[in-house]
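Below is upload14.pdb, which holds PDB, C-alpha atoms and all ligand atoms.
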```pdb
MODEL        1
ATOM      1  CA  MET M 914      17.942  -2.937 -53.530  1.00  0.00           C
ATOM      2  CA  ASN M 915      16.370  -6.101 -54.884  1.00  0.00           C
ATOM      3  CA  ASP M 916      13.069  -7.152 -53.477  1.00  0.00           C
ATOM      4  CA  PRO M 917      13.250 -10.609 -51.970  1.00  0.00           C
ATOM      5  CA  SER M 918      11.530 -13.285 -54.005  1.00  0.00           C
ATOM      6  CA  ALA M 919       7.972 -14.278 -53.205  1.00  0.00           C
ATOM      7  CA  SER M 920       9.186 -17.516 -51.630  1.00  0.00           C
ATOM      8  CA  VAL M 921      11.593 -15.658 -49.350  1.00  0.00           C
ATOM      9  CA  GLN M 922       8.852 -13.240 -48.374  1.00  0.00           C
ATOM     10  CA  HIS M 923       6.562 -16.131 -47.605  1.00  0.00           C
ATOM     11  CA  ALA M 924       9.177 -18.013 -45.558  1.00  0.00           C
ATOM     12  CA  LEU M 925      10.093 -14.896 -43.575  1.00  0.00           C
ATOM     13  CA  ALA M 926       6.478 -14.130 -42.808  1.00  0.00           C
ATOM     14  CA  GLU M 927       5.953 -17.748 -41.709  1.00  0.00           C
ATOM     15  CA  ASN M 928       9.020 -17.725 -39.467  1.00  0.00           C
ATOM     16  CA  LEU M 929       7.958 -14.416 -37.976  1.00  0.00           C
ATOM     17  CA  ALA M 930       4.442 -15.674 -37.288  1.00  0.00           C
ATOM     18  CA  GLY M 931       5.846 -18.851 -35.704  1.00  0.00           C
ATOM     19  CA  LEU M 932       8.139 -16.818 -33.456  1.00  0.00           C
ATOM     20  CA  GLY M 933       5.261 -14.543 -32.522  1.00  0.00           C
ATOM     21  CA  ASP M 934       3.198 -17.565 -31.452  1.00  0.00           C
ATOM     22  CA  ARG M 935       6.014 -19.002 -29.378  1.00  0.00           C
ATOM     23  CA  ILE M 936       6.677 -15.642 -27.731  1.00  0.00           C
ATOM     24  CA  ALA M 937       2.992 -15.186 -26.958  1.00  0.00           C
ATOM     25  CA  ARG M 938       2.700 -18.658 -25.426  1.00  0.00           C
ATOM     26  CA  ALA M 939       5.809 -18.168 -23.282  1.00  0.00           C
ATOM     27  CA  ALA M 940       4.614 -14.735 -22.161  1.00  0.00           C
ATOM     28  CA  GLU M 941       1.197 -16.083 -21.223  1.00  0.00           C
ATOM     29  CA  ALA M 942       2.833 -18.945 -19.337  1.00  0.00           C
ATOM     30  CA  SER M 943       4.707 -16.303 -17.321  1.00  0.00           C
ATOM     31  CA  GLY M 944       1.454 -14.485 -16.571  1.00  0.00           C
ATOM     32  CA  ARG M 945       2.063 -11.633 -18.970  1.00  0.00           C
ATOM     33  CA  PRO M 946       0.400 -10.511 -22.182  1.00  0.00           C
ATOM     34  CA  ALA M 947       2.221 -11.214 -25.435  1.00  0.00           C
ATOM     35  CA  ALA M 948       2.700  -7.469 -25.859  1.00  0.00           C
ATOM     36  CA  ALA M 949       4.937  -7.414 -22.774  1.00  0.00           C
ATOM     37  CA  VAL M 950       7.710  -9.001 -24.829  1.00  0.00           C
ATOM     38  CA  THR M 951       9.304  -7.296 -27.823  1.00  0.00           C
ATOM     39  CA  LEU M 952      11.018  -9.310 -30.519  1.00  0.00           C
ATOM     40  CA  VAL M 953      14.233  -7.658 -31.681  1.00  0.00           C
ATOM     41  CA  THR M 954      15.332  -9.299 -34.924  1.00  0.00           C
ATOM     42  CA  LYS M 955      19.005  -9.188 -35.695  1.00  0.00           C
ATOM     43  CA  TYR M 956      21.251  -9.106 -38.705  1.00  0.00           C
ATOM     44  CA  ILE M 957      18.428  -8.924 -41.200  1.00  0.00           C
ATOM     45  CA  PRO M 958      19.396  -7.949 -44.763  1.00  0.00           C
ATOM     46  CA  ALA M 959      17.964  -4.514 -45.512  1.00  0.00           C
ATOM     47  CA  ALA M 960      15.791  -5.833 -48.339  1.00  0.00           C
ATOM     48  CA  TRP M 961      14.210  -8.330 -45.968  1.00  0.00           C
ATOM     49  CA  ALA M 962      13.541  -5.708 -43.339  1.00  0.00           C
ATOM     50  CA  ARG M 963      10.764  -4.310 -45.515  1.00  0.00           C
ATOM     51  CA  VAL M 964       8.960  -7.616 -45.362  1.00  0.00           C
ATOM     52  CA  LEU M 965       9.277  -7.635 -41.594  1.00  0.00           C
ATOM     53  CA  ALA M 966       8.121  -4.058 -41.246  1.00  0.00           C
ATOM     54  CA  THR M 967       5.089  -4.828 -43.378  1.00  0.00           C
ATOM     55  CA  ALA M 968       4.373  -7.742 -41.039  1.00  0.00           C
ATOM     56  CA  GLY M 969       4.573  -5.434 -38.024  1.00  0.00           C
ATOM     57  CA  CYS M 970       8.104  -6.124 -36.787  1.00  0.00           C
ATOM     58  CA  HIS M 971       9.855  -2.783 -36.404  1.00  0.00           C
ATOM     59  CA  ASP M 972      12.596  -3.544 -33.884  1.00  0.00           C
ATOM     60  CA  LEU M 973      15.852  -4.376 -35.602  1.00  0.00           C
ATOM     61  CA  GLY M 974      19.189  -5.033 -33.962  1.00  0.00           C
ATOM     62  CA  GLU M 975      22.778  -4.841 -35.142  1.00  0.00           C
ATOM     63  CA  SER M 976      26.074  -5.497 -33.446  1.00  0.00           C
ATOM     64  CA  ARG M 977      28.282  -3.657 -35.920  1.00  0.00           C
ATOM     65  CA  PRO M 978      28.039   0.116 -36.158  1.00  0.00           C
ATOM     66  CA  GLN M 979      28.752   0.279 -39.897  1.00  0.00           C
ATOM     67  CA  GLU M 980      26.021  -2.237 -40.671  1.00  0.00           C
ATOM     68  CA  LEU M 981      23.621  -0.218 -38.598  1.00  0.00           C
ATOM     69  CA  TRP M 982      24.493   3.057 -40.350  1.00  0.00           C
ATOM     70  CA  THR M 983      24.107   1.502 -43.796  1.00  0.00           C
ATOM     71  CA  LYS M 984      20.816  -0.192 -43.048  1.00  0.00           C
ATOM     72  CA  ALA M 985      19.390   2.788 -41.187  1.00  0.00           C
ATOM     73  CA  ALA M 986      20.087   4.913 -44.258  1.00  0.00           C
ATOM     74  CA  ALA M 987      18.575   2.324 -46.621  1.00  0.00           C
ATOM     75  CA  LEU M 988      15.443   1.979 -44.488  1.00  0.00           C
ATOM     76  CA  ALA M 989      15.027   5.615 -43.507  1.00  0.00           C
ATOM     77  CA  ASP M 990      11.491   5.634 -44.899  1.00  0.00           C
ATOM     78  CA  LEU M 991      10.366   2.813 -42.576  1.00  0.00           C
ATOM     79  CA  PRO M 992       9.409   3.250 -38.921  1.00  0.00           C
ATOM     80  CA  VAL M 993      12.318   1.088 -37.714  1.00  0.00           C
ATOM     81  CA  ARG M 994      13.558   1.204 -34.134  1.00  0.00           C
ATOM     82  CA  TRP M 995      17.263   0.341 -34.094  1.00  0.00           C
ATOM     83  CA  HIS M 996      18.839  -1.586 -31.243  1.00  0.00           C
ATOM     84  CA  PHE M 997      22.579  -1.728 -30.777  1.00  0.00           C
ATOM     85  CA  ILE M 998      23.772  -5.009 -29.260  1.00  0.00           C
ATOM     86  CA  GLY M 999      27.485  -5.584 -29.216  1.00  0.00           C
ATOM     87  CA  HIS M1000      30.826  -4.115 -28.457  1.00  0.00           C
ATOM     88  CA  MET M1001      31.137  -0.440 -29.324  1.00  0.00           C
ATOM     89  CA  GLN M1002      34.271   1.482 -30.028  1.00  0.00           C
ATOM     90  CA  ARG M1003      34.252   4.956 -28.711  1.00  0.00           C
ATOM     91  CA  ASN M1004      35.045   6.586 -32.060  1.00  0.00           C
ATOM     92  CA  LYS M1005      31.836   5.136 -33.532  1.00  0.00           C
ATOM     93  CA  LEU M1006      29.548   6.449 -30.827  1.00  0.00           C
ATOM     94  CA  ARG M1007      28.875   9.878 -32.225  1.00  0.00           C
ATOM     95  CA  ARG M1008      27.535   8.587 -35.490  1.00  0.00           C
ATOM     96  CA  THR M1009      25.587   5.707 -33.962  1.00  0.00           C
ATOM     97  CA  LEU M1010      23.772   7.317 -31.067  1.00  0.00           C
ATOM     98  CA  PRO M1011      21.318   9.482 -33.025  1.00  0.00           C
ATOM     99  CA  ALA M1012      20.050   6.410 -34.883  1.00  0.00           C
ATOM    100  CA  ILE M1013      19.311   4.128 -31.989  1.00  0.00           C
ATOM    101  CA  GLU M1014      16.309   3.482 -29.813  1.00  0.00           C
ATOM    102  CA  LEU M1015      18.158   1.440 -27.202  1.00  0.00           C
ATOM    103  CA  PHE M1016      21.798   0.613 -26.495  1.00  0.00           C
ATOM    104  CA  HIS M1017      21.649  -2.942 -25.076  1.00  0.00           C
ATOM    105  CA  SER M1018      25.286  -3.480 -24.264  1.00  0.00           C
ATOM    106  CA  VAL M1019      26.711  -0.901 -21.892  1.00  0.00           C
ATOM    107  CA  ASP M1020      29.452  -3.262 -20.783  1.00  0.00           C
ATOM    108  CA  SER M1021      31.964  -1.137 -18.865  1.00  0.00           C
ATOM    109  CA  LEU M1022      32.320   1.972 -16.781  1.00  0.00           C
ATOM    110  CA  ARG M1023      34.466   3.461 -19.527  1.00  0.00           C
ATOM    111  CA  LEU M1024      31.728   2.994 -22.106  1.00  0.00           C
ATOM    112  CA  LEU M1025      29.122   4.375 -19.714  1.00  0.00           C
ATOM    113  CA  ALA M1026      31.231   7.500 -19.224  1.00  0.00           C
ATOM    114  CA  ALA M1027      31.848   7.843 -22.971  1.00  0.00           C
ATOM    115  CA  LEU M1028      28.134   7.457 -23.740  1.00  0.00           C
ATOM    116  CA  ASP M1029      27.314  10.058 -21.129  1.00  0.00           C
ATOM    117  CA  GLU M1030      29.832  12.477 -22.581  1.00  0.00           C
ATOM    118  CA  GLU M1031      28.642  12.017 -26.180  1.00  0.00           C
ATOM    119  CA  ALA M1032      24.994  12.295 -25.237  1.00  0.00           C
ATOM    120  CA  ALA M1033      25.685  15.418 -23.175  1.00  0.00           C
ATOM    121  CA  ALA M1034      27.532  16.999 -26.103  1.00  0.00           C
ATOM    122  CA  ALA M1035      24.551  16.227 -28.330  1.00  0.00           C
ATOM    123  CA  GLY M1036      22.169  17.672 -25.752  1.00  0.00           C
ATOM    124  CA  ARG M1037      20.196  14.487 -25.376  1.00  0.00           C
ATOM    125  CA  GLN M1038      19.827  11.343 -23.323  1.00  0.00           C
ATOM    126  CA  VAL M1039      20.637   7.896 -24.619  1.00  0.00           C
ATOM    127  CA  PRO M1040      18.529   4.958 -23.426  1.00  0.00           C
ATOM    128  CA  GLY M1041      20.691   2.007 -22.400  1.00  0.00           C
ATOM    129  CA  LEU M1042      20.869  -1.317 -20.624  1.00  0.00           C
ATOM    130  CA  LEU M1043      23.747  -2.462 -18.444  1.00  0.00           C
ATOM    131  CA  GLU M1044      25.197  -5.711 -19.760  1.00  0.00           C
ATOM    132  CA  VAL M1045      25.857  -8.206 -16.999  1.00  0.00           C
ATOM    133  CA  ASN M1046      28.013 -11.317 -17.290  1.00  0.00           C
ATOM    134  CA  ILE M1047      25.476 -13.730 -15.799  1.00  0.00           C
ATOM    135  CA  SER M1048      26.986 -16.891 -17.245  1.00  0.00           C
ATOM    136  CA  GLY M1049      30.360 -16.526 -15.613  1.00  0.00           C
ATOM    137  CA  ASP M1050      31.957 -17.535 -18.930  1.00  0.00           C
ATOM    138  CA  ALA M1051      35.491 -16.249 -19.033  1.00  0.00           C
ATOM    139  CA  GLY M1052      35.962 -13.681 -21.739  1.00  0.00           C
ATOM    140  CA  LYS M1053      32.288 -12.689 -21.863  1.00  0.00           C
ATOM    141  CA  GLY M1054      31.713  -8.974 -21.794  1.00  0.00           C
ATOM    142  CA  GLY M1055      29.740  -7.003 -19.301  1.00  0.00           C
ATOM    143  CA  PHE M1056      29.769  -6.097 -15.638  1.00  0.00           C
ATOM    144  CA  GLU M1057      30.162  -8.797 -13.049  1.00  0.00           C
ATOM    145  CA  PRO M1058      26.930  -9.102 -11.040  1.00  0.00           C
ATOM    146  CA  ALA M1059      28.755  -7.852  -7.937  1.00  0.00           C
ATOM    147  CA  GLU M1060      29.819  -4.704  -9.810  1.00  0.00           C
ATOM    148  CA  VAL M1061      26.280  -3.644 -10.628  1.00  0.00           C
ATOM    149  CA  GLU M1062      25.200  -2.891  -7.091  1.00  0.00           C
ATOM    150  CA  PRO M1063      27.883  -0.249  -6.418  1.00  0.00           C
ATOM    151  CA  LEU M1064      27.305   1.100  -9.920  1.00  0.00           C
ATOM    152  CA  VAL M1065      23.660   1.815  -9.131  1.00  0.00           C
ATOM    153  CA  GLU M1066      24.799   4.292  -6.491  1.00  0.00           C
ATOM    154  CA  ARG M1067      26.732   6.143  -9.184  1.00  0.00           C
ATOM    155  CA  LEU M1068      24.200   6.222 -12.009  1.00  0.00           C
ATOM    156  CA  ALA M1069      23.277   9.822 -11.255  1.00  0.00           C
ATOM    157  CA  GLU M1070      26.821  10.777 -12.333  1.00  0.00           C
ATOM    158  CA  PHE M1071      25.927   9.641 -15.825  1.00  0.00           C
ATOM    159  CA  ALA M1072      22.700  11.524 -16.181  1.00  0.00           C
ATOM    160  CA  HIS M1073      22.753  11.525 -19.985  1.00  0.00           C
ATOM    161  CA  VAL M1074      22.498   7.765 -20.079  1.00  0.00           C
ATOM    162  CA  ARG M1075      18.966   6.782 -19.145  1.00  0.00           C
ATOM    163  CA  THR M1076      19.385   3.186 -18.014  1.00  0.00           C
ATOM    164  CA  GLN M1077      16.237   1.116 -18.423  1.00  0.00           C
ATOM    165  CA  GLY M1078      17.353  -2.248 -17.127  1.00  0.00           C
ATOM    166  CA  LEU M1079      19.775  -5.086 -17.667  1.00  0.00           C
ATOM    167  CA  MET M1080      20.965  -7.275 -20.527  1.00  0.00           C
ATOM    168  CA  GLY M1081      22.550 -10.699 -20.316  1.00  0.00           C
ATOM    169  CA  MET M1082      23.407 -13.865 -22.184  1.00  0.00           C
ATOM    170  CA  ALA M1083      23.258 -17.434 -20.971  1.00  0.00           C
ATOM    171  CA  SER M1084      26.396 -19.497 -21.074  1.00  0.00           C
ATOM    172  CA  LEU M1085      27.097 -20.969 -24.480  1.00  0.00           C
ATOM    173  CA  SER M1086      28.162 -24.225 -22.875  1.00  0.00           C
ATOM    174  CA  HIS M1087      24.963 -24.660 -20.909  1.00  0.00           C
ATOM    175  CA  ALA M1088      21.948 -26.834 -21.434  1.00  0.00           C
ATOM    176  CA  ALA M1089      18.563 -25.127 -21.595  1.00  0.00           C
ATOM    177  CA  ALA M1090      17.784 -25.662 -17.913  1.00  0.00           C
ATOM    178  CA  ASP M1091      21.027 -23.924 -16.977  1.00  0.00           C
ATOM    179  CA  ALA M1092      20.251 -21.063 -19.328  1.00  0.00           C
ATOM    180  CA  GLU M1093      17.053 -20.488 -17.401  1.00  0.00           C
ATOM    181  CA  ARG M1094      19.041 -20.277 -14.177  1.00  0.00           C
ATOM    182  CA  ASP M1095      21.298 -17.631 -15.733  1.00  0.00           C
ATOM    183  CA  PHE M1096      18.239 -15.626 -16.752  1.00  0.00           C
ATOM    184  CA  GLU M1097      16.718 -15.986 -13.321  1.00  0.00           C
ATOM    185  CA  ARG M1098      19.914 -14.593 -11.859  1.00  0.00           C
ATOM    186  CA  LEU M1099      19.584 -11.477 -14.005  1.00  0.00           C
ATOM    187  CA  ARG M1100      15.943 -10.975 -13.025  1.00  0.00           C
ATOM    188  CA  LEU M1101      16.737 -11.371  -9.329  1.00  0.00           C
ATOM    189  CA  LEU M1102      19.571  -8.864  -9.627  1.00  0.00           C
ATOM    190  CA  ARG M1103      17.232  -6.356 -11.272  1.00  0.00           C
ATOM    191  CA  ASP M1104      14.515  -6.977  -8.659  1.00  0.00           C
ATOM    192  CA  ARG M1105      16.969  -6.519  -5.830  1.00  0.00           C
ATOM    193  CA  LEU M1106      18.303  -3.202  -7.132  1.00  0.00           C
ATOM    194  CA  ILE M1107      15.128  -1.652  -8.400  1.00  0.00           C
ATOM    195  CA  ASP M1108      14.343   0.202  -5.176  1.00  0.00           C
ATOM    196  CA  ARG M1109      17.787   1.737  -5.008  1.00  0.00           C
ATOM    197  CA  LEU M1110      17.831   3.474  -8.362  1.00  0.00           C
ATOM    198  CA  PRO M1111      18.291   7.233  -8.470  1.00  0.00           C
ATOM    199  CA  ASP M1112      15.123   9.320  -8.690  1.00  0.00           C
ATOM    200  CA  GLY M1113      13.541   9.185 -12.098  1.00  0.00           C
ATOM    201  CA  VAL M1114      15.408   6.046 -13.186  1.00  0.00           C
ATOM    202  CA  LEU M1115      13.226   3.020 -13.948  1.00  0.00           C
ATOM    203  CA  TRP M1116      14.383  -0.437 -14.929  1.00  0.00           C
ATOM    204  CA  PRO M1117      11.436  -2.109 -16.658  1.00  0.00           C
ATOM    205  CA  HIS M1118      13.598  -3.985 -19.159  1.00  0.00           C
ATOM    206  CA  LEU M1119      15.380  -7.295 -19.184  1.00  0.00           C
ATOM    207  CA  SER M1120      17.010  -8.006 -22.544  1.00  0.00           C
ATOM    208  CA  MET M1121      17.734 -11.724 -22.527  1.00  0.00           C
ATOM    209  CA  GLY M1122      17.156 -14.739 -24.716  1.00  0.00           C
ATOM    210  CA  MET M1123      18.274 -15.596 -28.251  1.00  0.00           C
ATOM    211  CA  SER M1124      17.126 -18.144 -30.833  1.00  0.00           C
ATOM    212  CA  GLY M1125      17.931 -21.185 -28.724  1.00  0.00           C
ATOM    213  CA  ASP M1126      16.721 -20.001 -25.334  1.00  0.00           C
ATOM    214  CA  PHE M1127      14.226 -17.150 -25.660  1.00  0.00           C
ATOM    215  CA  GLU M1128      11.349 -19.117 -24.166  1.00  0.00           C
ATOM    216  CA  ALA M1129      13.330 -19.773 -20.982  1.00  0.00           C
ATOM    217  CA  ALA M1130      14.227 -16.075 -20.898  1.00  0.00           C
ATOM    218  CA  ILE M1131      10.584 -15.043 -21.249  1.00  0.00           C
ATOM    219  CA  ARG M1132       9.595 -17.399 -18.424  1.00  0.00           C
ATOM    220  CA  GLN M1133      12.107 -15.487 -16.327  1.00  0.00           C
ATOM    221  CA  GLY M1134      10.764 -12.061 -17.242  1.00  0.00           C
ATOM    222  CA  ALA M1135      12.482 -11.011 -20.465  1.00  0.00           C
ATOM    223  CA  THR M1136      10.877  -7.953 -22.039  1.00  0.00           C
ATOM    224  CA  LEU M1137      13.214  -7.915 -25.067  1.00  0.00           C
ATOM    225  CA  VAL M1138      14.370 -11.070 -26.864  1.00  0.00           C
ATOM    226  CA  ARG M1139      17.079 -10.867 -29.522  1.00  0.00           C
ATOM    227  CA  VAL M1140      16.559 -13.374 -32.282  1.00  0.00           C
ATOM    228  CA  GLY M1141      18.824 -13.861 -35.279  1.00  0.00           C
ATOM    229  CA  SER M1142      19.097 -17.352 -36.697  1.00  0.00           C
ATOM    230  CA  ALA M1143      15.589 -18.607 -35.853  1.00  0.00           C
ATOM    231  CA  LEU M1144      14.088 -15.937 -38.074  1.00  0.00           C
ATOM    232  CA  VAL M1145      16.104 -16.797 -41.145  1.00  0.00           C
ATOM    233  CA  GLU M1146      16.011 -20.568 -40.643  1.00  0.00           C
ATOM    234  CA  GLY M1147      15.422 -22.396 -43.880  1.00  0.00           C
ATOM    235  CA  ILE M1148      15.770 -19.301 -46.055  1.00  0.00           C
ATOM    236  CA  LEU M1149      18.567 -19.182 -48.557  1.00  0.00           C
ATOM    237  CA  PRO M1150      20.676 -16.035 -48.337  1.00  0.00           C
ATOM    238  CA  SER M1151      20.619 -15.718 -52.129  1.00  0.00           C
ATOM    239  CA  GLY M1152      16.863 -15.105 -51.778  1.00  0.00           C
TER     240      GLY M1152
HETATM  241  C1  LIG G   1      21.532 -12.535 -30.639  1.00  0.00           C
HETATM  242  C2  LIG G   1      22.885 -12.736 -30.356  1.00  0.00           C
HETATM  243  C3  LIG G   1      23.585 -13.814 -30.906  1.00  0.00           C
HETATM  244  C4  LIG G   1      22.997 -14.890 -31.805  1.00  0.00           C
HETATM  245  O1  LIG G   1      21.632 -14.874 -31.930  1.00  0.00           O
HETATM  246  P1  LIG G   1      20.821 -16.108 -32.519  1.00  0.00           P
HETATM  247  O2  LIG G   1      19.401 -15.705 -32.378  1.00  0.00           O
HETATM  248  O3  LIG G   1      21.157 -17.278 -31.677  1.00  0.00           O
HETATM  249  O4  LIG G   1      21.245 -16.252 -33.922  1.00  0.00           O
HETATM  250  C5  LIG G   1      24.916 -13.890 -30.587  1.00  0.00           C
HETATM  251  N1  LIG G   1      25.508 -12.971 -29.781  1.00  0.00           N
HETATM  252  C6  LIG G   1      24.823 -11.941 -29.250  1.00  0.00           C
HETATM  253  C7  LIG G   1      25.513 -10.958 -28.384  1.00  0.00           C
HETATM  254  C8  LIG G   1      23.498 -11.787 -29.493  1.00  0.00           C
HETATM  255  O5  LIG G   1      22.843 -10.751 -28.926  1.00  0.00           O
ENDMDL
END
```
Would you kindly transcribe this structure into structure tokens?
Ligand SMILES: *Cc1c(COP(=O)(O)O)cnc(C)c1O
Amino acid sequence: MNDPSASVQHALAENLAGLGDRIARAAEASGRPAAAVTLVTKYIPAAWARVLATAGCHDLGESRPQELWTKAAALADLPVRWHFIGHMQRNKLRRTLPAIELFHSVDSLRLLAALDEEAAAAGRQVPGLLEVNISGDAGKGGFEPAEVEPLVERLAEFAHVRTQGLMGMASLSHAAADAERDFERLRLLRDRLIDRLPDGVLWPHLSMGMSGDFEAAIRQGATLVRVGSALVEGILPSG
């Protein structure tokens, strides 16, 4: 693996520091410490991940299982926490689950059941977030908001999936102000259901916000923001 050039390292570190400042300011504006929000960087080339890890960013996300396997193997010596964010095929679960810290996109009852079964077979629990279609965009994945409430009553059936909260995406067609309304909807849903969770289940997390809207998401209570393009802005892929 080639080390990135000094200029790439410098640009990455600058982008990361800039993101950290913006996250901290948005968190403080929402009455929370900067540490209440975790930056999950996505789709980072493995060679660049070392630069990030050195700069203190250890939460990396992928949406394709194969990419995650390859990078997890290449970076096995680093203290990386892997986040899976995307659509998962059942036949890839077994190999992916042991590597991940958090499964952000539990988007159907079928996947929830499959995760539960795989985790049970492995004798462990898998931490996950329920993905909710807050934007109403047709074709977007995830549970409809109205489906989440009845699902809460059933979470105890899937005891090997330790749900920790909700994940959502703002509508792609929306302006920033509308994105914030989508995020608010997710927070209100979480707040409304939090007292009805089965014993021992806690939902501290809201995974929401990407490069273009993470500040709005943080204002609405995001604890995990998933940033891809803003981190690599201005850096040539040839590095
Ligand atoms: C993060 C993310 C994107 C794009 O992220 P950018 O930070 O805008 O590059 C797209 N789709 C999903 C599901 C994501 O989680």
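Computed from the coordinates, the atom CA of Arg1103 of chain M to atom CA of Leu929 of chain M distance equals 29.4 Å.
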For ligand LIG 1 (chain G), collect every residue having any atom at a distance of at most 10 Å from a ligand atom (counting all atoms listed in the file); output as a CSV table (one decimal) with C-alpha atoms, keeping the file's coordinate frame.
```csv
chain,number,residue,atom,x,y,z
M,953,VAL,CA,14.2,-7.7,-31.7
M,954,THR,CA,15.3,-9.3,-34.9
M,955,LYS,CA,19.0,-9.2,-35.7
M,956,TYR,CA,21.3,-9.1,-38.7
M,974,GLY,CA,19.2,-5.0,-34.0
M,975,GLU,CA,22.8,-4.8,-35.1
M,976,SER,CA,26.1,-5.5,-33.4
M,997,PHE,CA,22.6,-1.7,-30.8
M,998,ILE,CA,23.8,-5.0,-29.3
M,999,GLY,CA,27.5,-5.6,-29.2
M,1000,HIS,CA,30.8,-4.1,-28.5
M,1017,HIS,CA,21.6,-2.9,-25.1
M,1018,SER,CA,25.3,-3.5,-24.3
M,1053,LYS,CA,32.3,-12.7,-21.9
M,1054,GLY,CA,31.7,-9.0,-21.8
M,1080,MET,CA,21.0,-7.3,-20.5
M,1081,GLY,CA,22.6,-10.7,-20.3
M,1082,MET,CA,23.4,-13.9,-22.2
M,1085,LEU,CA,27.1,-21.0,-24.5
M,1120,SER,CA,17.0,-8.0,-22.5
M,1121,MET,CA,17.7,-11.7,-22.5
M,1122,GLY,CA,17.2,-14.7,-24.7
M,1123,MET,CA,18.3,-15.6,-28.3
M,1124,SER,CA,17.1,-18.1,-30.8
M,1125,GLY,CA,17.9,-21.2,-28.7
M,1126,ASP,CA,16.7,-20.0,-25.3
M,1127,PHE,CA,14.2,-17.2,-25.7
M,1138,VAL,CA,14.4,-11.1,-26.9
M,1139,ARG,CA,17.1,-10.9,-29.5
M,1140,VAL,CA,16.6,-13.4,-32.3
M,1141,GLY,CA,18.8,-13.9,-35.3
M,1142,SER,CA,19.1,-17.4,-36.7
M,1143,ALA,CA,15.6,-18.6,-35.9
M,1144,LEU,CA,14.1,-15.9,-38.1
M,1145,VAL,CA,16.1,-16.8,-41.1
M,1146,GLU,CA,16.0,-20.6,-40.6
```
Compile a residue-level contact table for segment 930-1028 of chain M against segment 1039-1052 of chain M at a cut-off of 12 Å, reporting for every qualifying residue the shortest atom pair and its distance in Å to one decimal, with all atoms listed in the file counted, rows ordered by chain and ascending number, as a Markdown table.
```
| residue | atom | partner | partner_atom | distance |
| --- | --- | --- | --- | --- |
| M:Trp995 | CA | M:Pro1040 | CA | 11.7 |
| M:His996 | CA | M:Gly1041 | CA | 9.7 |
| M:Phe997 | CA | M:Gly1041 | CA | 9.4 |
| M:Ile998 | CA | M:Glu1044 | CA | 9.6 |
| M:Gly999 | CA | M:Glu1044 | CA | 9.7 |
| M:His1000 | CA | M:Glu1044 | CA | 10.5 |
| M:Leu1006 | CA | M:Val1039 | CA | 11.0 |
| M:Arg1007 | CA | M:Val1039 | CA | 11.4 |
| M:Thr1009 | CA | M:Val1039 | CA | 10.8 |
| M:Leu1010 | CA | M:Val1039 | CA | 7.2 |
| M:Pro1011 | CA | M:Val1039 | CA | 8.6 |
| M:Ala1012 | CA | M:Val1039 | CA | 10.4 |
| M:Ile1013 | CA | M:Val1039 | CA | 8.4 |
| M:Glu1014 | CA | M:Pro1040 | CA | 6.9 |
| M:Leu1015 | CA | M:Pro1040 | CA | 5.2 |
| M:Phe1016 | CA | M:Gly1041 | CA | 4.5 |
| M:His1017 | CA | M:Leu1042 | CA | 4.8 |
| M:Ser1018 | CA | M:Glu1044 | CA | 5.0 |
| M:Val1019 | CA | M:Leu1043 | CA | 4.8 |
| M:Asp1020 | CA | M:Glu1044 | CA | 5.0 |
| M:Ser1021 | CA | M:Glu1044 | CA | 8.2 |
| M:Leu1022 | CA | M:Leu1043 | CA | 9.8 |
| M:Leu1024 | CA | M:Leu1043 | CA | 10.3 |
| M:Leu1025 | CA | M:Leu1043 | CA | 8.8 |
| M:Ala1026 | CA | M:Val1039 | CA | 11.9 |
| M:Ala1027 | CA | M:Val1039 | CA | 11.3 |
| M:Leu1028 | CA | M:Val1039 | CA | 7.6 |
```
Could you save the residues just selected, with C-alpha atoms, as a short mmCIF file (atom, residue, chain, number, x, y, z; two decimals), keeping the file's coordinate frame?
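Final output, saved to selection-v7.cif:
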```
data_model
loop_
_atom_site.label_atom_id
_atom_site.label_comp_id
_atom_site.auth_asym_id
_atom_site.auth_seq_id
_atom_site.Cartn_x
_atom_site.Cartn_y
_atom_site.Cartn_z
CA TRP M 995 17.26 0.34 -34.09
CA HIS M 996 18.84 -1.59 -31.24
CA PHE M 997 22.58 -1.73 -30.78
CA ILE M 998 23.77 -5.01 -29.26
CA GLY M 999 27.48 -5.58 -29.22
CA HIS M 1000 30.83 -4.12 -28.46
CA LEU M 1006 29.55 6.45 -30.83
CA ARG M 1007 28.88 9.88 -32.22
CA THR M 1009 25.59 5.71 -33.96
CA LEU M 1010 23.77 7.32 -31.07
CA PRO M 1011 21.32 9.48 -33.02
CA ALA M 1012 20.05 6.41 -34.88
CA ILE M 1013 19.31 4.13 -31.99
CA GLU M 1014 16.31 3.48 -29.81
CA LEU M 1015 18.16 1.44 -27.20
CA PHE M 1016 21.80 0.61 -26.50
CA HIS M 1017 21.65 -2.94 -25.08
CA SER M 1018 25.29 -3.48 -24.26
CA VAL M 1019 26.71 -0.90 -21.89
CA ASP M 1020 29.45 -3.26 -20.78
CA SER M 1021 31.96 -1.14 -18.86
CA LEU M 1022 32.32 1.97 -16.78
CA LEU M 1024 31.73 2.99 -22.11
CA LEU M 1025 29.12 4.38 -19.71
CA ALA M 1026 31.23 7.50 -19.22
CA ALA M 1027 31.85 7.84 -22.97
CA LEU M 1028 28.13 7.46 -23.74
#
```
Put the listed atoms of segment 1025-1032 of chain M in a box along x, y and z with 4 Å added on every side and give me the centre and edge lengths in Å to one decimal, as JSON.
```
{"center_x": 28.4, "center_y": 8.4, "center_z": -22.7, "size_x": 14.9, "size_y": 16.1, "size_z": 15.0}
```
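Picked out by the PyMOL selection byres (((chain M and resi 923) around 12) and not hetatm) when it runs on this file: M:Pro917, M:Ser918, M:Ala919, M:Ser920, M:Val921, M:Gln922, M:Ala924, M:Leu925, M:Ala926, M:Glu927, M:Asn928, M:Leu929, M:Ala930, M:Trp961, M:Val964, M:Leu965, M:Ala968, M:Val1145, M:Gly1147, M:Ile1148, M:Gly1152.
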